[in-house]
file model01.pdb (PDB, C-alpha atoms and all ligand atoms)
ATOM      1  CA  MET A   1       0.000   0.000   0.000
ATOM      2  CA  PRO A   2       1.496   3.402  -0.915
ATOM      3  CA  ARG A   3       2.158   5.306   2.258
ATOM      4  CA  ASP A   4       0.818   8.792   2.768
ATOM      5  CA  ALA A   5       3.510  11.187   1.515
ATOM      6  CA  THR A   6       2.144  14.054   3.575
ATOM      7  CA  ILE A   7       3.021  12.217   6.796
ATOM      8  CA  ALA A   8       6.625  11.719   5.662
ATOM      9  CA  VAL A   9       6.909  15.354   4.547
ATOM     10  CA  ASP A  10       5.428  16.546   7.849
ATOM     11  CA  VAL A  11       7.876  14.449   9.836
ATOM     12  CA  LEU A  12      10.912  15.607   7.882
ATOM     13  CA  THR A  13       9.766  19.231   7.933
ATOM     14  CA  THR A  14       9.318  19.056  11.702
ATOM     15  CA  LEU A  15      12.702  17.404  12.307
ATOM     16  CA  SER A  16      14.511  19.904  10.066
ATOM     17  CA  ALA A  17      12.799  22.822  11.810
ATOM     18  CA  GLU A  18      13.433  21.481  15.322
ATOM     19  CA  ARG A  19      17.115  20.655  14.839
ATOM     20  CA  PHE A  20      19.579  23.343  15.841
ATOM     21  CA  THR A  21      23.171  23.445  16.997
ATOM     22  CA  CYS A  22      22.967  22.979  20.755
ATOM     23  CA  ARG A  23      25.547  24.891  22.813
ATOM     24  CA  ALA A  24      24.490  23.986  26.374
ATOM     25  CA  TYR A  25      23.515  20.504  27.591
ATOM     26  CA  ARG A  26      21.997  18.870  30.610
ATOM     27  CA  SER A  27      24.111  16.074  32.008
ATOM     28  CA  ASP A  28      21.605  13.188  31.603
ATOM     29  CA  PRO A  29      22.991  10.465  29.340
ATOM     30  CA  VAL A  30      21.324   9.119  26.188
ATOM     31  CA  PRO A  31      20.290   5.448  26.623
ATOM     32  CA  GLU A  32      22.413   3.065  24.560
ATOM     33  CA  ASP A  33      19.462   1.698  22.559
ATOM     34  CA  ILE A  34      18.750   5.243  21.359
ATOM     35  CA  ILE A  35      22.404   5.705  20.349
ATOM     36  CA  GLN A  36      22.130   2.427  18.408
ATOM     37  CA  GLY A  37      18.894   3.661  16.778
ATOM     38  CA  ILE A  38      20.597   6.875  15.632
ATOM     39  CA  LEU A  39      23.516   4.871  14.190
ATOM     40  CA  GLN A  40      21.160   2.535  12.325
ATOM     41  CA  ILE A  41      19.381   5.415  10.599
ATOM     42  CA  ALA A  42      22.584   7.392   9.900
ATOM     43  CA  GLY A  43      24.146   4.199   8.531
ATOM     44  CA  LYS A  44      21.549   4.223   5.716
ATOM     45  CA  THR A  45      23.225   7.320   4.218
ATOM     46  CA  ALA A  46      24.058   7.108   0.497
ATOM     47  CA  SER A  47      27.730   7.105  -0.524
ATOM     48  CA  TRP A  48      29.851   6.815  -3.654
ATOM     49  CA  CYS A  49      29.432   3.199  -4.846
ATOM     50  CA  ASN A  50      28.139   2.437  -1.343
ATOM     51  CA  VAL A  51      31.670   2.436   0.099
ATOM     52  CA  GLN A  52      30.320   3.904   3.396
ATOM     53  CA  PRO A  53      33.623   5.545   4.317
ATOM     54  CA  TRP A  54      32.451   6.923   7.704
ATOM     55  CA  GLN A  55      33.743   5.546  10.990
ATOM     56  CA  VAL A  56      32.663   6.847  14.401
ATOM     57  CA  VAL A  57      33.946   6.477  17.936
ATOM     58  CA  ILE A  58      31.278   7.371  20.500
ATOM     59  CA  ALA A  59      32.216   8.363  24.030
ATOM     60  CA  SER A  60      29.895   8.109  27.023
ATOM     61  CA  GLY A  61      30.123   8.463  30.806
ATOM     62  CA  GLU A  62      33.588   8.532  32.333
ATOM     63  CA  THR A  63      35.277   8.464  28.897
ATOM     64  CA  THR A  64      33.502  11.691  27.888
ATOM     65  CA  GLU A  65      34.571  13.315  31.161
ATOM     66  CA  ARG A  66      38.219  12.316  30.671
ATOM     67  CA  PHE A  67      38.117  13.469  27.033
ATOM     68  CA  ARG A  68      36.503  16.818  27.921
ATOM     69  CA  GLU A  69      39.201  17.528  30.502
ATOM     70  CA  ALA A  70      42.120  16.364  28.352
ATOM     71  CA  LEU A  71      40.912  18.199  25.233
ATOM     72  CA  THR A  72      40.426  21.445  27.156
ATOM     73  CA  ALA A  73      43.987  21.138  28.509
ATOM     74  CA  GLN A  74      45.234  20.408  24.973
ATOM     75  CA  ALA A  75      43.401  23.454  23.555
ATOM     76  CA  HIS A  76      45.052  25.665  26.172
ATOM     77  CA  ALA A  77      48.488  24.145  25.571
ATOM     78  CA  ASP A  78      48.259  24.385  21.757
ATOM     79  CA  PRO A  79      45.537  26.907  20.823
ATOM     80  CA  GLU A  80      46.273  26.706  17.068
ATOM     81  CA  GLY A  81      46.313  22.916  16.777
ATOM     82  CA  ALA A  82      46.518  21.306  13.337
ATOM     83  CA  PRO A  83      43.458  19.839  11.637
ATOM     84  CA  ASP A  84      43.904  16.771   9.418
ATOM     85  CA  ILE A  85      41.590  18.339   6.840
ATOM     86  CA  PRO A  86      42.519  21.972   6.117
ATOM     87  CA  PHE A  87      40.113  24.572   7.513
ATOM     88  CA  PRO A  88      38.713  27.147   5.048
ATOM     89  CA  PRO A  89      41.389  29.797   4.366
ATOM     90  CA  GLY A  90      38.778  32.537   4.890
ATOM     91  CA  HIS A  91      35.272  33.519   3.829
ATOM     92  CA  HIS A  92      34.388  36.403   1.539
ATOM     93  CA  GLY A  93      31.265  38.110   0.231
ATOM     94  CA  ILE A  94      27.988  36.361   1.006
ATOM     95  CA  TYR A  95      29.798  33.544   2.844
ATOM     96  CA  LYS A  96      31.499  36.026   5.154
ATOM     97  CA  ALA A  97      28.163  37.800   5.757
ATOM     98  CA  ARG A  98      26.398  34.541   6.661
ATOM     99  CA  ARG A  99      29.205  33.510   8.965
ATOM    100  CA  GLN A 100      29.191  36.885  10.721
ATOM    101  CA  GLU A 101      25.410  36.861  11.152
ATOM    102  CA  THR A 102      25.603  33.491  12.912
ATOM    103  CA  GLY A 103      28.323  34.773  15.256
ATOM    104  CA  TYR A 104      26.394  37.976  16.023
ATOM    105  CA  ARG A 105      23.255  36.014  16.891
ATOM    106  CA  LEU A 106      25.172  33.748  19.266
ATOM    107  CA  TYR A 107      26.952  36.624  20.998
ATOM    108  CA  ALA A 108      23.747  38.694  21.188
ATOM    109  CA  ALA A 109      21.921  35.752  22.815
ATOM    110  CA  LEU A 110      24.739  35.493  25.363
ATOM    111  CA  GLY A 111      24.956  39.267  25.889
ATOM    112  CA  ILE A 112      28.601  39.333  24.732
ATOM    113  CA  ALA A 113      29.682  42.671  23.241
ATOM    114  CA  ARG A 114      31.549  42.663  19.901
ATOM    115  CA  GLU A 115      34.670  44.108  21.474
ATOM    116  CA  ASP A 116      34.662  41.746  24.460
ATOM    117  CA  ARG A 117      37.435  39.463  23.177
ATOM    118  CA  GLU A 118      37.856  37.713  26.515
ATOM    119  CA  ARG A 119      34.257  36.437  26.701
ATOM    120  CA  ARG A 120      34.269  35.564  23.000
ATOM    121  CA  LEU A 121      37.383  33.479  23.530
ATOM    122  CA  SER A 122      35.958  31.776  26.590
ATOM    123  CA  GLN A 123      32.738  31.005  24.667
ATOM    124  CA  SER A 124      34.739  29.494  21.803
ATOM    125  CA  LEU A 125      36.664  27.358  24.325
ATOM    126  CA  GLU A 126      33.290  25.840  25.304
ATOM    127  CA  ASN A 127      33.712  23.765  22.130
ATOM    128  CA  PHE A 128      36.410  21.764  23.892
ATOM    129  CA  ARG A 129      34.201  21.287  26.935
ATOM    130  CA  LEU A 130      31.739  19.801  24.434
ATOM    131  CA  PHE A 131      29.252  22.409  25.712
ATOM    132  CA  GLY A 132      28.678  20.066  28.659
ATOM    133  CA  ALA A 133      27.333  17.214  26.484
ATOM    134  CA  PRO A 134      27.365  13.708  28.001
ATOM    135  CA  HIS A 135      28.467  12.146  24.670
ATOM    136  CA  VAL A 136      30.610  12.900  21.658
ATOM    137  CA  ALA A 137      30.875  11.040  18.354
ATOM    138  CA  ILE A 138      34.213  11.443  16.571
ATOM    139  CA  VAL A 139      33.681  11.118  12.812
ATOM    140  CA  THR A 140      36.667   9.953  10.774
ATOM    141  CA  VAL A 141      37.286   9.324   7.113
ATOM    142  CA  PRO A 142      39.914   7.076   5.501
ATOM    143  CA  ALA A 143      42.644   9.289   3.980
ATOM    144  CA  GLU A 144      43.066   6.998   0.979
ATOM    145  CA  ILE A 145      39.659   7.634  -0.634
ATOM    146  CA  GLY A 146      40.005  11.350  -1.408
ATOM    147  CA  PRO A 147      37.574  14.299  -1.435
ATOM    148  CA  TYR A 148      34.385  12.437  -2.359
ATOM    149  CA  ALA A 149      34.619  10.470   0.869
ATOM    150  CA  LEU A 150      34.281  13.850   2.606
ATOM    151  CA  ALA A 151      31.002  14.404   0.768
ATOM    152  CA  ASP A 152      29.817  10.956   1.895
ATOM    153  CA  CYS A 153      30.842  11.617   5.495
ATOM    154  CA  GLY A 154      29.184  15.047   5.431
ATOM    155  CA  SER A 155      25.937  13.354   4.405
ATOM    156  CA  PHE A 156      26.410  10.872   7.251
ATOM    157  CA  VAL A 157      26.780  13.762   9.704
ATOM    158  CA  GLY A 158      23.563  15.336   8.375
ATOM    159  CA  SER A 159      21.670  12.052   8.746
ATOM    160  CA  PHE A 160      23.051  11.599  12.262
ATOM    161  CA  LEU A 161      21.803  15.063  13.291
ATOM    162  CA  LEU A 162      18.271  14.467  11.974
ATOM    163  CA  ALA A 163      18.082  10.904  13.285
ATOM    164  CA  ALA A 164      19.134  12.141  16.723
ATOM    165  CA  ARG A 165      16.383  14.774  16.661
ATOM    166  CA  ALA A 166      13.864  12.061  15.741
ATOM    167  CA  PHE A 167      14.794  10.401  19.061
ATOM    168  CA  GLY A 168      14.521  13.757  20.888
ATOM    169  CA  VAL A 169      18.310  14.065  21.138
ATOM    170  CA  ASP A 170      20.111  17.380  20.513
ATOM    171  CA  THR A 171      23.420  17.674  18.682
ATOM    172  CA  THR A 172      26.424  19.887  17.960
ATOM    173  CA  PRO A 173      28.476  19.217  14.844
ATOM    174  CA  GLN A 174      31.964  20.521  15.710
ATOM    175  CA  ALA A 175      34.821  21.108  13.300
ATOM    176  CA  ALA A 176      36.577  22.848  16.223
ATOM    177  CA  LEU A 177      37.474  19.434  17.627
ATOM    178  CA  ALA A 178      39.325  18.541  14.412
ATOM    179  CA  GLN A 179      41.814  21.313  15.252
ATOM    180  CA  HIS A 180      43.300  18.713  17.582
ATOM    181  CA  SER A 181      43.145  15.752  15.207
ATOM    182  CA  ALA A 182      46.398  14.048  16.255
ATOM    183  CA  PHE A 183      45.496  14.378  19.945
ATOM    184  CA  ILE A 184      42.048  12.877  19.298
ATOM    185  CA  ARG A 185      43.508   9.948  17.318
ATOM    186  CA  ASP A 186      45.870   9.279  20.159
ATOM    187  CA  PHE A 187      43.201   9.581  22.872
ATOM    188  CA  PHE A 188      40.752   7.208  21.165
ATOM    189  CA  ASP A 189      43.343   4.876  19.633
ATOM    190  CA  ILE A 190      42.272   5.709  16.067
ATOM    191  CA  PRO A 191      44.763   4.553  13.390
ATOM    192  CA  ASP A 192      46.769   7.112  11.361
ATOM    193  CA  THR A 193      45.002   5.973   8.217
ATOM    194  CA  GLN A 194      41.843   7.708   9.493
ATOM    195  CA  LYS A 195      41.504  11.492   9.300
ATOM    196  CA  VAL A 196      39.347  13.370  11.824
ATOM    197  CA  LEU A 197      36.497  15.189  10.054
ATOM    198  CA  CYS A 198      34.574  16.557  13.049
ATOM    199  CA  GLY A 199      32.950  15.697  16.338
ATOM    200  CA  ILE A 200      29.241  15.566  17.113
ATOM    201  CA  SER A 201      28.530  16.307  20.759
ATOM    202  CA  PHE A 202      25.078  15.115  21.738
ATOM    203  CA  GLY A 203      22.626  14.753  24.607
ATOM    204  CA  TYR A 204      19.647  16.745  25.850
ATOM    205  CA  ALA A 205      19.652  20.543  25.487
ATOM    206  CA  ASP A 206      19.418  22.842  28.458
ATOM    207  CA  ARG A 207      16.599  24.839  26.901
ATOM    208  CA  ASP A 208      16.827  27.602  29.506
ATOM    209  CA  ASP A 209      20.448  28.424  28.667
ATOM    210  CA  PRO A 210      20.743  31.613  26.557
ATOM    211  CA  ALA A 211      23.287  29.863  24.278
ATOM    212  CA  ASN A 212      20.328  27.845  22.963
ATOM    213  CA  GLY A 213      18.083  30.898  22.716
ATOM    214  CA  PHE A 214      18.634  31.861  19.083
ATOM    215  CA  ARG A 215      18.167  30.286  15.654
ATOM    216  CA  THR A 216      20.103  30.844  12.440
ATOM    217  CA  SER A 217      18.557  31.996   9.162
ATOM    218  CA  ARG A 218      18.690  30.317   5.750
ATOM    219  CA  ALA A 219      18.920  31.501   2.156
ATOM    220  CA  SER A 220      15.747  31.115   0.114
ATOM    221  CA  SER A 221      15.370  28.351  -2.482
ATOM    222  CA  GLU A 222      15.734  31.044  -5.183
ATOM    223  CA  GLU A 223      19.145  31.973  -3.781
ATOM    224  CA  ILE A 224      20.485  28.424  -3.739
ATOM    225  CA  ALA A 225      18.894  26.841  -6.822
ATOM    226  CA  ARG A 226      18.137  27.598 -10.455
ATOM    227  CA  LEU A 227      15.271  25.644 -11.968
ATOM    228  CA  VAL A 228      15.902  25.521 -15.713
TER     229      VAL A 228
HETATM  230  C1  LIG A 301      30.715  20.345   9.654
HETATM  231  C2  LIG A 301      30.235  21.355  10.670
HETATM  232  C3  LIG A 301      31.111  21.870  11.601
HETATM  233  C4  LIG A 301      30.676  22.757  12.583
HETATM  234  N1  LIG A 301      31.556  23.179  13.542
HETATM  235  C5  LIG A 301      31.107  23.921  14.592
HETATM  236  C6  LIG A 301      31.958  24.199  15.688
HETATM  237  O1  LIG A 301      33.132  23.835  15.719
HETATM  238  N2  LIG A 301      31.446  24.901  16.727
HETATM  239  C7  LIG A 301      30.139  25.335  16.748
HETATM  240  O2  LIG A 301      29.723  25.963  17.734
HETATM  241  N3  LIG A 301      29.300  25.070  15.709
HETATM  242  C8  LIG A 301      29.745  24.361  14.649
HETATM  243  N4  LIG A 301      28.901  24.031  13.612
HETATM  244  C9  LIG A 301      27.498  24.464  13.671
HETATM  245  C10 LIG A 301      27.197  25.572  12.670
HETATM  246  O3  LIG A 301      27.676  26.797  13.135
HETATM  247  C11 LIG A 301      25.676  25.599  12.472
HETATM  248  O4  LIG A 301      25.265  24.394  11.878
HETATM  249  C12 LIG A 301      25.217  26.744  11.589
HETATM  250  O5  LIG A 301      25.517  27.990  12.179
HETATM  251  C13 LIG A 301      23.712  26.665  11.324
HETATM  252  O6  LIG A 301      23.001  26.708  12.550
HETATM  253  P1  LIG A 301      22.058  25.524  13.046
HETATM  254  O7  LIG A 301      22.842  24.243  13.037
HETATM  255  O8  LIG A 301      21.656  25.931  14.446
HETATM  256  O9  LIG A 301      20.891  25.443  12.112
HETATM  257  C14 LIG A 301      29.328  23.179  12.596
HETATM  258  C15 LIG A 301      28.452  22.671  11.635
HETATM  259  C16 LIG A 301      28.886  21.773  10.697
HETATM  260  C17 LIG A 301      27.893  21.197   9.710
END

call {"tool": "encode", "arguments": {"input": "model01.pdb", "output": "structure tokens", "more": "lines below"}}
Ligand SMILES: Cc1cc2nc3c(=O)[nH]c(=O)nc-3n(C[C@H](O)[C@H](O)[C@H](O)COP(=O)(O)O)c2cc1C
result
Amino acid sequence: MPRDATIAVDVLTTLSAERFTCRAYRSDPVPEDIIQGILQIAGKTASWCNVQPWQVVIASGETTERFREALTAQAHADPEGAPDIPFPPGHHGIYKARRQETGYRLYAALGIAREDRERRLSQSLENFRLFGAPHVAIVTVPAEIGPYALADCGSFVGSFLLAARAFGVDTTPQAALAQHSAFIRDFFDIPDTQKVLCGISFGYADRDDPANGFRTSRASSEEIARLV
């Protein structure tokens, strides 16, 4: 029997609208069967010739606490770090404007003035505290496959975020963690053949925290697509 498309569209519309990048968590852990459910859905992601290049290490409990502490110490000891996958050299034009708007909204929600470099720095260091999340997934990609594996892994990250929301779980995709790629490989015993793409901190949002009190905007369909 053909299923009702409107139900599927409603569900996906709701999940896409509800998902946001969470920057303050409660400490309650996500049950393991829910983590497995998220992985099962994210694992359905399409990839080039179905090679499924993504690998994830997921930390919970005491491991997350040890990682949070060690990563924060590492970020203080080596603020620059060295990502496996080069960070963007800079953003210009519309990309710069979008990036700035996102930053302004975050700092406005937190009441941080533009010139207050100290509080901006301490907010950005929250990345390494995983924003207090009880879990983090480290997403890696095999170096040998090349750039299209990054596209596959990016899709996996997107599926993970939406699947988590379906289970009522909030998420934070974090390239900031990849700044300390070698440290992360060492901490989690990940082989050198894997490159760190990003982390996804996850758990349940503290909805009263001002860091979660804003939403980002999006370009219209006309701005991103040409129907010819
Ligand atoms: C691959 C990737 C890396 C990201 N890295 C970070 C990060 O290091 N720190 C952070 O606070 N947000 C990070 N974000 C979240 C983005 O800033 C966020 O997705 C964007 O501003 C849109 O907002 P929304 O997710 O709330 O819709 C990242 C997102 C993606 C997809």

call {"tool": "residues_around", "arguments": {"input": "model01.pdb", "residues": "segment 13-22 of chain A", "least_positions_apart": "6", "cutoff": "12 Å", "atoms": "all atoms listed in the file", "output": "PyMOL selection string"}}
result
chain A and resi 6-7+102+106+126-127+130-133+158-174+200-218

call {"tool": "atom_distance", "arguments": {"input": "model01.pdb", "atom1": "atom CA of Gly61 of chain A", "atom2": "atom CA of Pro134 of chain A"}}
result
6.6 Å

call {"tool": "atom_distance", "arguments": {"input": "model01.pdb", "atom1": "atom CA of Cys153 of chain A", "atom2": "atom CA of Glu32 of chain A"}}
result
22.5 Å

call {"tool": "atom_distance", "arguments": {"input": "model01.pdb", "atom1": "atom CA of Gly81 of chain A", "atom2": "atom CA of Ile184 of chain A"}}
result
11.2 Å

call {"tool": "residues_around", "arguments": {"input": "model01.pdb", "residues": "Ile85 of chain A", "least_positions_apart": "4", "cutoff": "8 Å", "atoms": "all atoms listed in the file", "output": "ChimeraX atom specification"}}
result
/A:178,195-197

call {"tool": "closest_residue", "arguments": {"input": "model01.pdb", "among": "A:Pro29, A:Gly111, A:Pro83, A:Pro89", "to": "ligand LIG 301 (chain A)", "atoms": "all atoms listed in the file"}}
result
A:Pro83

call {"tool": "closest_residue", "arguments": {"input": "model01.pdb", "among": "A:Arg23, A:Ala82, A:Glu144, A:Leu150", "to": "ligand LIG 301 (chain A)", "atoms": "all atoms listed in the file"}}
result
A:Arg23

call {"tool": "closest_residue", "arguments": {"input": "model01.pdb", "among": "A:Ala175, A:Leu110, A:Ala97, A:Val11", "to": "ligand LIG 301 (chain A)", "atoms": "all atoms listed in the file"}}
result
A:Ala175

call {"tool": "residues_around", "arguments": {"input": "model01.pdb", "residues": "segment 50-54 of chain A", "least_positions_apart": "4", "cutoff": "10 Å", "atoms": "all atoms listed in the file", "output": "PyMOL selection string"}}
result
chain A and resi 43-46+139-143+145+148-157+194+197

call {"tool": "closest_residue", "arguments": {"input": "model01.pdb", "among": "A:Arg129, A:Arg185, A:His92, A:Arg105", "to": "Ala70 of chain A", "atoms": "all atoms listed in the file"}}
result
A:Arg129

call {"tool": "closest_residue", "arguments": {"input": "model01.pdb", "among": "A:Val57, A:Ala182, A:Val136, A:Leu125", "to": "ligand LIG 301 (chain A)", "atoms": "only C-alpha atoms and all ligand atoms"}}
result
A:Leu125

call {"tool": "closest_residue", "arguments": {"input": "model01.pdb", "among": "A:Gln179, A:Gln55, A:Ser220, A:Gln36", "to": "ligand LIG 301 (chain A)", "atoms": "only C-alpha atoms and all ligand atoms"}}
result
A:Gln179

call {"tool": "resolve_selection", "arguments": {"input": "model01.pdb", "expression": "the PyMOL selection byres (((chain A and resi 59) around 7) and not hetatm)", "output": "PyMOL selection string"}}
result
chain A and resi 57-58+60+63-64+135-137

call {"tool": "write_last_selection", "arguments": {"input": "model01.pdb", "atoms": "C-alpha atoms", "output": "PDB file, keeping the file's coordinate frame"}}
result
ATOM      1  CA  VAL A  57      33.946   6.477  17.936  1.00  0.00           C
ATOM      2  CA  ILE A  58      31.278   7.371  20.500  1.00  0.00           C
ATOM      3  CA  SER A  60      29.895   8.109  27.023  1.00  0.00           C
ATOM      4  CA  THR A  63      35.277   8.464  28.897  1.00  0.00           C
ATOM      5  CA  THR A  64      33.502  11.691  27.888  1.00  0.00           C
ATOM      6  CA  HIS A 135      28.467  12.146  24.670  1.00  0.00           C
ATOM      7  CA  VAL A 136      30.610  12.900  21.658  1.00  0.00           C
ATOM      8  CA  ALA A 137      30.875  11.040  18.354  1.00  0.00           C
TER       9      ALA A 137
END

call {"tool": "build_atoms", "arguments": {"input": "model01.pdb", "residues": "segment 170-196 of chain A", "atoms": "N, CA and C atoms", "output": "PDB file, keeping the file's coordinate frame"}}
result
ATOM      1  N   ASP A 170      19.536  16.171  21.113  1.00  0.00           N
ATOM      2  CA  ASP A 170      20.111  17.380  20.513  1.00  0.00           C
ATOM      3  C   ASP A 170      21.588  17.157  20.200  1.00  0.00           C
ATOM      4  N   THR A 171      22.088  17.957  19.242  1.00  0.00           N
ATOM      5  CA  THR A 171      23.420  17.674  18.682  1.00  0.00           C
ATOM      6  C   THR A 171      24.209  18.961  18.422  1.00  0.00           C
ATOM      7  N   THR A 172      25.527  18.790  18.332  1.00  0.00           N
ATOM      8  CA  THR A 172      26.424  19.887  17.960  1.00  0.00           C
ATOM      9  C   THR A 172      27.500  19.353  17.021  1.00  0.00           C
ATOM     10  N   PRO A 173      27.350  19.581  15.715  1.00  0.00           N
ATOM     11  CA  PRO A 173      28.476  19.217  14.844  1.00  0.00           C
ATOM     12  C   PRO A 173      29.618  20.176  15.143  1.00  0.00           C
ATOM     13  N   GLN A 174      30.849  19.668  15.273  1.00  0.00           N
ATOM     14  CA  GLN A 174      31.964  20.521  15.710  1.00  0.00           C
ATOM     15  C   GLN A 174      33.237  20.267  14.920  1.00  0.00           C
ATOM     16  N   ALA A 175      33.523  21.170  13.967  1.00  0.00           N
ATOM     17  CA  ALA A 175      34.821  21.108  13.300  1.00  0.00           C
ATOM     18  C   ALA A 175      35.924  21.539  14.262  1.00  0.00           C
ATOM     19  N   ALA A 176      35.565  22.352  15.268  1.00  0.00           N
ATOM     20  CA  ALA A 176      36.577  22.848  16.223  1.00  0.00           C
ATOM     21  C   ALA A 176      37.393  21.698  16.809  1.00  0.00           C
ATOM     22  N   LEU A 177      36.743  20.558  17.026  1.00  0.00           N
ATOM     23  CA  LEU A 177      37.474  19.434  17.627  1.00  0.00           C
ATOM     24  C   LEU A 177      38.592  18.949  16.705  1.00  0.00           C
ATOM     25  N   ALA A 178      38.340  19.033  15.383  1.00  0.00           N
ATOM     26  CA  ALA A 178      39.325  18.541  14.412  1.00  0.00           C
ATOM     27  C   ALA A 178      40.617  19.356  14.429  1.00  0.00           C
ATOM     28  N   GLN A 179      40.590  20.534  15.057  1.00  0.00           N
ATOM     29  CA  GLN A 179      41.814  21.313  15.252  1.00  0.00           C
ATOM     30  C   GLN A 179      42.855  20.479  15.993  1.00  0.00           C
ATOM     31  N   HIS A 180      42.382  19.521  16.768  1.00  0.00           N
ATOM     32  CA  HIS A 180      43.300  18.713  17.582  1.00  0.00           C
ATOM     33  C   HIS A 180      43.234  17.245  17.130  1.00  0.00           C
ATOM     34  N   SER A 181      43.319  17.069  15.818  1.00  0.00           N
ATOM     35  CA  SER A 181      43.145  15.752  15.207  1.00  0.00           C
ATOM     36  C   SER A 181      44.110  14.704  15.762  1.00  0.00           C
ATOM     37  N   ALA A 182      45.396  15.041  15.828  1.00  0.00           N
ATOM     38  CA  ALA A 182      46.398  14.048  16.255  1.00  0.00           C
ATOM     39  C   ALA A 182      46.140  13.649  17.716  1.00  0.00           C
ATOM     40  N   PHE A 183      45.802  14.645  18.534  1.00  0.00           N
ATOM     41  CA  PHE A 183      45.496  14.378  19.945  1.00  0.00           C
ATOM     42  C   PHE A 183      44.292  13.437  20.064  1.00  0.00           C
ATOM     43  N   ILE A 184      43.271  13.693  19.243  1.00  0.00           N
ATOM     44  CA  ILE A 184      42.048  12.877  19.298  1.00  0.00           C
ATOM     45  C   ILE A 184      42.341  11.441  18.856  1.00  0.00           C
ATOM     46  N   ARG A 185      43.144  11.310  17.786  1.00  0.00           N
ATOM     47  CA  ARG A 185      43.508   9.948  17.318  1.00  0.00           C
ATOM     48  C   ARG A 185      44.208   9.183  18.431  1.00  0.00           C
ATOM     49  N   ASP A 186      45.109   9.901  19.084  1.00  0.00           N
ATOM     50  CA  ASP A 186      45.870   9.279  20.159  1.00  0.00           C
ATOM     51  C   ASP A 186      44.941   8.895  21.331  1.00  0.00           C
ATOM     52  N   PHE A 187      44.071   9.814  21.709  1.00  0.00           N
ATOM     53  CA  PHE A 187      43.201   9.581  22.872  1.00  0.00           C
ATOM     54  C   PHE A 187      42.292   8.377  22.644  1.00  0.00           C
ATOM     55  N   PHE A 188      41.732   8.273  21.434  1.00  0.00           N
ATOM     56  CA  PHE A 188      40.752   7.208  21.165  1.00  0.00           C
ATOM     57  C   PHE A 188      41.352   6.005  20.427  1.00  0.00           C
ATOM     58  N   ASP A 189      42.704   6.008  20.283  1.00  0.00           N
ATOM     59  CA  ASP A 189      43.343   4.876  19.633  1.00  0.00           C
ATOM     60  C   ASP A 189      42.803   4.677  18.206  1.00  0.00           C
ATOM     61  N   ILE A 190      42.753   5.746  17.462  1.00  0.00           N
ATOM     62  CA  ILE A 190      42.272   5.709  16.067  1.00  0.00           C
ATOM     63  C   ILE A 190      43.509   5.626  15.172  1.00  0.00           C
ATOM     64  N   PRO A 191      43.535   4.697  14.204  1.00  0.00           N
ATOM     65  CA  PRO A 191      44.763   4.553  13.390  1.00  0.00           C
ATOM     66  C   PRO A 191      45.039   5.787  12.522  1.00  0.00           C
ATOM     67  N   ASP A 192      46.326   5.961  12.180  1.00  0.00           N
ATOM     68  CA  ASP A 192      46.769   7.112  11.361  1.00  0.00           C
ATOM     69  C   ASP A 192      46.116   7.169   9.998  1.00  0.00           C
ATOM     70  N   THR A 193      45.625   6.027   9.539  1.00  0.00           N
ATOM     71  CA  THR A 193      45.002   5.973   8.217  1.00  0.00           C
ATOM     72  C   THR A 193      43.639   6.673   8.198  1.00  0.00           C
ATOM     73  N   GLN A 194      43.126   6.996   9.380  1.00  0.00           N
ATOM     74  CA  GLN A 194      41.843   7.708   9.493  1.00  0.00           C
ATOM     75  C   GLN A 194      42.105   9.184   9.764  1.00  0.00           C
ATOM     76  N   LYS A 195      41.390  10.049   9.062  1.00  0.00           N
ATOM     77  CA  LYS A 195      41.504  11.492   9.300  1.00  0.00           C
ATOM     78  C   LYS A 195      40.266  11.968  10.056  1.00  0.00           C
ATOM     79  N   VAL A 196      40.479  12.873  11.007  1.00  0.00           N
ATOM     80  CA  VAL A 196      39.347  13.370  11.824  1.00  0.00           C
ATOM     81  C   VAL A 196      38.608  14.455  11.040  1.00  0.00           C
TER      82      VAL A 196
END
